[in-house]
Amino acid sequence: MDRIRGDGDRARRREPEPEDEWEGDEEYVEPLSAAEAAREGLRQIVELTGREPVGTTSLKAVRDGWLVGVEVVEDRRIPASTDLLGLYEVQLDIDGALLGYRRVRRYQRGKGEVG
């Protein structure tokens with residue numbers, strides 16, 4: 001099994017060769033684990049928005065990849081308990097590539113939904 005580093009820290013390996021179907025040097029990229037998807041979703045939001053991350057709030061496996069919920073500080077205020085936070089949903093494909101993102105809600109720290 002050949003291991004190649006690339007695309008972050010995920011290992012690439014050649015897919016097992018079915019004798020009559022293998023063509024060329026195509027590589028098989030192992031699908032993201034849940035932990036990798038959470039980290040990648042957070043990284044993508046920070047890169048796209050330039051906001052300070054609070055953390056990953058949710059993670060859901062979907063048919064074609066992952067939905068990752070990420071909370072960020074949208075506006076720092078004094079006192080910090082009045083900071084304005086944003087909750088973003090990031091959609092990643094099975095390989096970790098960004099398919100889309102959107103802000104789901106915006107709220108004051110400490111005044112989020114209960115339950």
# chains A, B, ... in the order shown; residues from 1 in each chain; ligands from 1
call {"tool": "residues_around", "arguments": {"residues": "A:Ala97", "least_positions_apart": "6", "cutoff": "12 Å", "atoms": "only C-alpha atoms", "output": "CSV table (one decimal) with all heavy atoms, in the first residue's frame"}}
result
chain,number,residue,atom,x,y,z
A,7,ASP,N,-3.3,17.1,1.0
A,7,ASP,CA,-4.7,17.5,1.4
A,7,ASP,C,-4.8,17.5,2.9
A,7,ASP,O,-5.5,16.7,3.5
A,7,ASP,CB,-5.7,16.6,0.7
A,7,ASP,CG,-7.1,17.2,0.8
A,7,ASP,OD1,-7.2,18.4,1.0
A,7,ASP,OD2,-8.1,16.4,0.8
A,8,GLY,N,-4.0,18.4,3.5
A,8,GLY,CA,-4.0,18.4,5.0
A,8,GLY,C,-3.1,17.3,5.5
A,8,GLY,O,-2.1,17.0,4.9
A,29,VAL,N,-8.8,8.5,-1.8
A,29,VAL,CA,-8.7,9.3,-0.6
A,29,VAL,C,-9.6,8.8,0.5
A,29,VAL,O,-10.8,8.7,0.2
A,29,VAL,CB,-9.0,10.8,-0.9
A,29,VAL,CG1,-8.8,11.6,0.4
A,29,VAL,CG2,-8.0,11.4,-1.9
A,31,PRO,N,-12.2,8.6,3.3
A,31,PRO,CA,-13.2,9.6,3.7
A,31,PRO,C,-12.8,10.2,5.1
A,31,PRO,O,-12.1,9.6,5.9
A,31,PRO,CB,-14.5,8.8,3.9
A,31,PRO,CG,-14.2,7.5,3.1
A,31,PRO,CD,-12.8,7.3,3.1
A,32,LEU,N,-13.2,11.4,5.3
A,32,LEU,CA,-12.9,12.1,6.6
A,32,LEU,C,-13.5,11.4,7.7
A,32,LEU,O,-14.7,10.9,7.6
A,32,LEU,CB,-13.5,13.5,6.5
A,32,LEU,CG,-12.9,14.6,5.7
A,32,LEU,CD1,-13.7,15.8,5.9
A,32,LEU,CD2,-11.5,14.8,6.2
A,36,GLU,N,-11.9,14.7,12.0
A,36,GLU,CA,-11.3,15.4,10.9
A,36,GLU,C,-12.4,16.4,10.2
A,36,GLU,O,-12.0,17.5,9.9
A,36,GLU,CB,-10.8,14.5,9.8
A,36,GLU,CG,-9.6,13.7,10.2
A,36,GLU,CD,-9.2,12.6,9.2
A,36,GLU,OE1,-10.1,12.0,8.6
A,36,GLU,OE2,-8.0,12.4,9.1
A,37,ALA,N,-13.6,15.9,10.1
A,37,ALA,CA,-14.6,16.8,9.5
A,37,ALA,C,-14.9,18.0,10.4
A,37,ALA,O,-15.1,19.1,9.9
A,37,ALA,CB,-15.9,16.0,9.3
A,40,GLU,N,-12.0,20.4,10.0
A,40,GLU,CA,-12.0,21.0,8.7
A,40,GLU,C,-13.1,22.0,8.6
A,40,GLU,O,-12.9,23.1,8.0
A,40,GLU,CB,-12.1,19.9,7.6
A,40,GLU,CG,-12.1,20.5,6.2
A,40,GLU,CD,-10.7,21.2,5.9
A,40,GLU,OE1,-9.7,21.0,6.6
A,40,GLU,OE2,-10.7,21.9,4.9
A,41,GLY,N,-14.3,21.7,9.1
A,41,GLY,CA,-15.4,22.7,9.1
A,41,GLY,C,-15.0,24.0,9.9
A,41,GLY,O,-15.2,25.1,9.4
A,43,ARG,N,-11.9,25.1,10.5
A,43,ARG,CA,-10.9,25.8,9.7
A,43,ARG,C,-11.5,26.5,8.5
A,43,ARG,O,-11.1,27.7,8.3
A,43,ARG,CB,-9.9,24.7,9.2
A,43,ARG,CG,-8.6,25.4,8.5
A,43,ARG,CD,-7.8,24.3,7.8
A,43,ARG,NE,-8.4,23.8,6.6
A,43,ARG,CZ,-8.5,24.5,5.5
A,43,ARG,NH1,-8.0,25.7,5.4
A,43,ARG,NH2,-9.0,24.0,4.4
A,44,GLN,N,-12.4,25.9,7.8
A,44,GLN,CA,-13.0,26.6,6.6
A,44,GLN,C,-13.7,27.9,7.0
A,44,GLN,O,-13.6,28.9,6.4
A,44,GLN,CB,-14.0,25.7,5.9
A,44,GLN,CG,-13.3,24.5,5.2
A,44,GLN,CD,-12.7,24.9,3.9
A,44,GLN,OE1,-12.8,26.1,3.4
A,44,GLN,NE2,-12.1,24.0,3.2
A,64,ASP,N,-23.8,12.7,1.3
A,64,ASP,CA,-22.6,13.1,0.5
A,64,ASP,C,-21.5,13.7,1.3
A,64,ASP,O,-20.6,14.3,0.7
A,64,ASP,CB,-23.0,14.0,-0.7
A,64,ASP,CG,-23.7,15.3,-0.2
A,64,ASP,OD1,-24.1,15.3,1.0
A,64,ASP,OD2,-23.8,16.2,-1.0
A,65,GLY,N,-21.5,13.6,2.6
A,65,GLY,CA,-20.4,14.2,3.4
A,65,GLY,C,-20.8,14.5,4.8
A,65,GLY,O,-21.3,13.6,5.5
A,66,TRP,N,-20.5,15.7,5.2
A,66,TRP,CA,-20.7,16.2,6.6
A,66,TRP,C,-21.4,17.5,6.7
A,66,TRP,O,-21.1,18.4,5.8
A,66,TRP,CB,-19.4,16.2,7.3
A,66,TRP,CG,-18.7,14.9,7.5
A,66,TRP,CD1,-17.7,14.4,6.6
A,66,TRP,CD2,-18.9,14.0,8.5
A,66,TRP,NE1,-17.3,13.2,7.1
A,66,TRP,CE2,-18.0,12.9,8.2
A,66,TRP,CE3,-19.7,13.9,9.6
A,66,TRP,CZ2,-17.9,11.8,9.0
A,66,TRP,CZ3,-19.6,12.8,10.4
A,66,TRP,CH2,-18.7,11.7,10.1
A,67,LEU,N,-22.2,17.8,7.7
A,67,LEU,CA,-22.7,19.1,8.1
A,67,LEU,C,-22.0,19.4,9.4
A,67,LEU,O,-22.2,18.6,10.4
A,67,LEU,CB,-24.2,19.1,8.2
A,67,LEU,CG,-25.0,19.1,6.9
A,67,LEU,CD1,-26.5,19.1,7.2
A,67,LEU,CD2,-24.6,20.3,6.0
A,90,VAL,N,-21.6,24.4,8.0
A,90,VAL,CA,-20.6,24.1,6.9
A,90,VAL,C,-20.9,22.8,6.3
A,90,VAL,O,-21.1,21.8,7.0
A,90,VAL,CB,-19.2,24.1,7.4
A,90,VAL,CG1,-18.2,23.9,6.3
A,90,VAL,CG2,-18.8,25.4,8.2
A,91,GLN,N,-21.0,22.7,4.9
A,91,GLN,CA,-21.2,21.5,4.3
A,91,GLN,C,-20.0,21.0,3.6
A,91,GLN,O,-19.4,21.8,2.7
A,91,GLN,CB,-22.4,21.6,3.3
A,91,GLN,CG,-22.8,20.3,2.6
A,91,GLN,CD,-23.9,20.5,1.7
A,91,GLN,OE1,-24.4,21.6,1.4
A,91,GLN,NE2,-24.4,19.4,1.2
call {"tool": "residues_around", "arguments": {"residues": "A:Arg102", "least_positions_apart": "5", "cutoff": "10 Å", "atoms": "only C-alpha atoms", "output": "list in words"}}
result
Ile45, Gly69, Leu87, Tyr88, Glu89, Val90 and Gln91 of chain A
call {"tool": "closest_residue", "arguments": {"among": "A:Leu98, A:Glu30, A:Glu71, A:Asp93", "to": "A:Arg51", "atoms": "only C-alpha atoms"}}
result
A:Glu71
call {"tool": "residues_around", "arguments": {"residues": "stretch 107-110 of chain A", "least_positions_apart": "6", "cutoff": "7 Å", "atoms": "only C-alpha atoms", "output": "list of chain:residue names"}}
result
A:Ser81, A:Thr82, A:Asp83, A:Leu84, A:Leu85, A:Gly86
call {"tool": "select_by_dssp", "arguments": {"residues": "stretch 28-106 of chain A", "states": "alpha helix (DSSP H)", "output": "list in words"}}
result
Ala34, Ala35, Glu36, Ala37, Ala38, Arg39, Glu40, Gly41, Leu42, Arg43, Gln44, Ile45, Val46, Glu47, Leu48 and Thr49 of chain A
call {"tool": "atom_distance", "arguments": {"atom1": "atom CA of A:Gly96", "atom2": "atom CA of A:Ser58"}}
result
16.0 Å
call {"tool": "atom_distance", "arguments": {"atom1": "atom CA of A:Leu48", "atom2": "atom CA of A:Ile78"}}
result
25.5 Å
call {"tool": "atom_distance", "arguments": {"atom1": "atom CA of A:Thr56", "atom2": "atom CA of A:Leu42"}}
result
6.5 Å
call {"tool": "select_by_dssp", "arguments": {"residues": "stretch 66-111 of chain A", "states": "strand (DSSP E)", "output": "VMD selection string"}}
result
chain A and resid 66 to 75 84 to 93 98 to 108
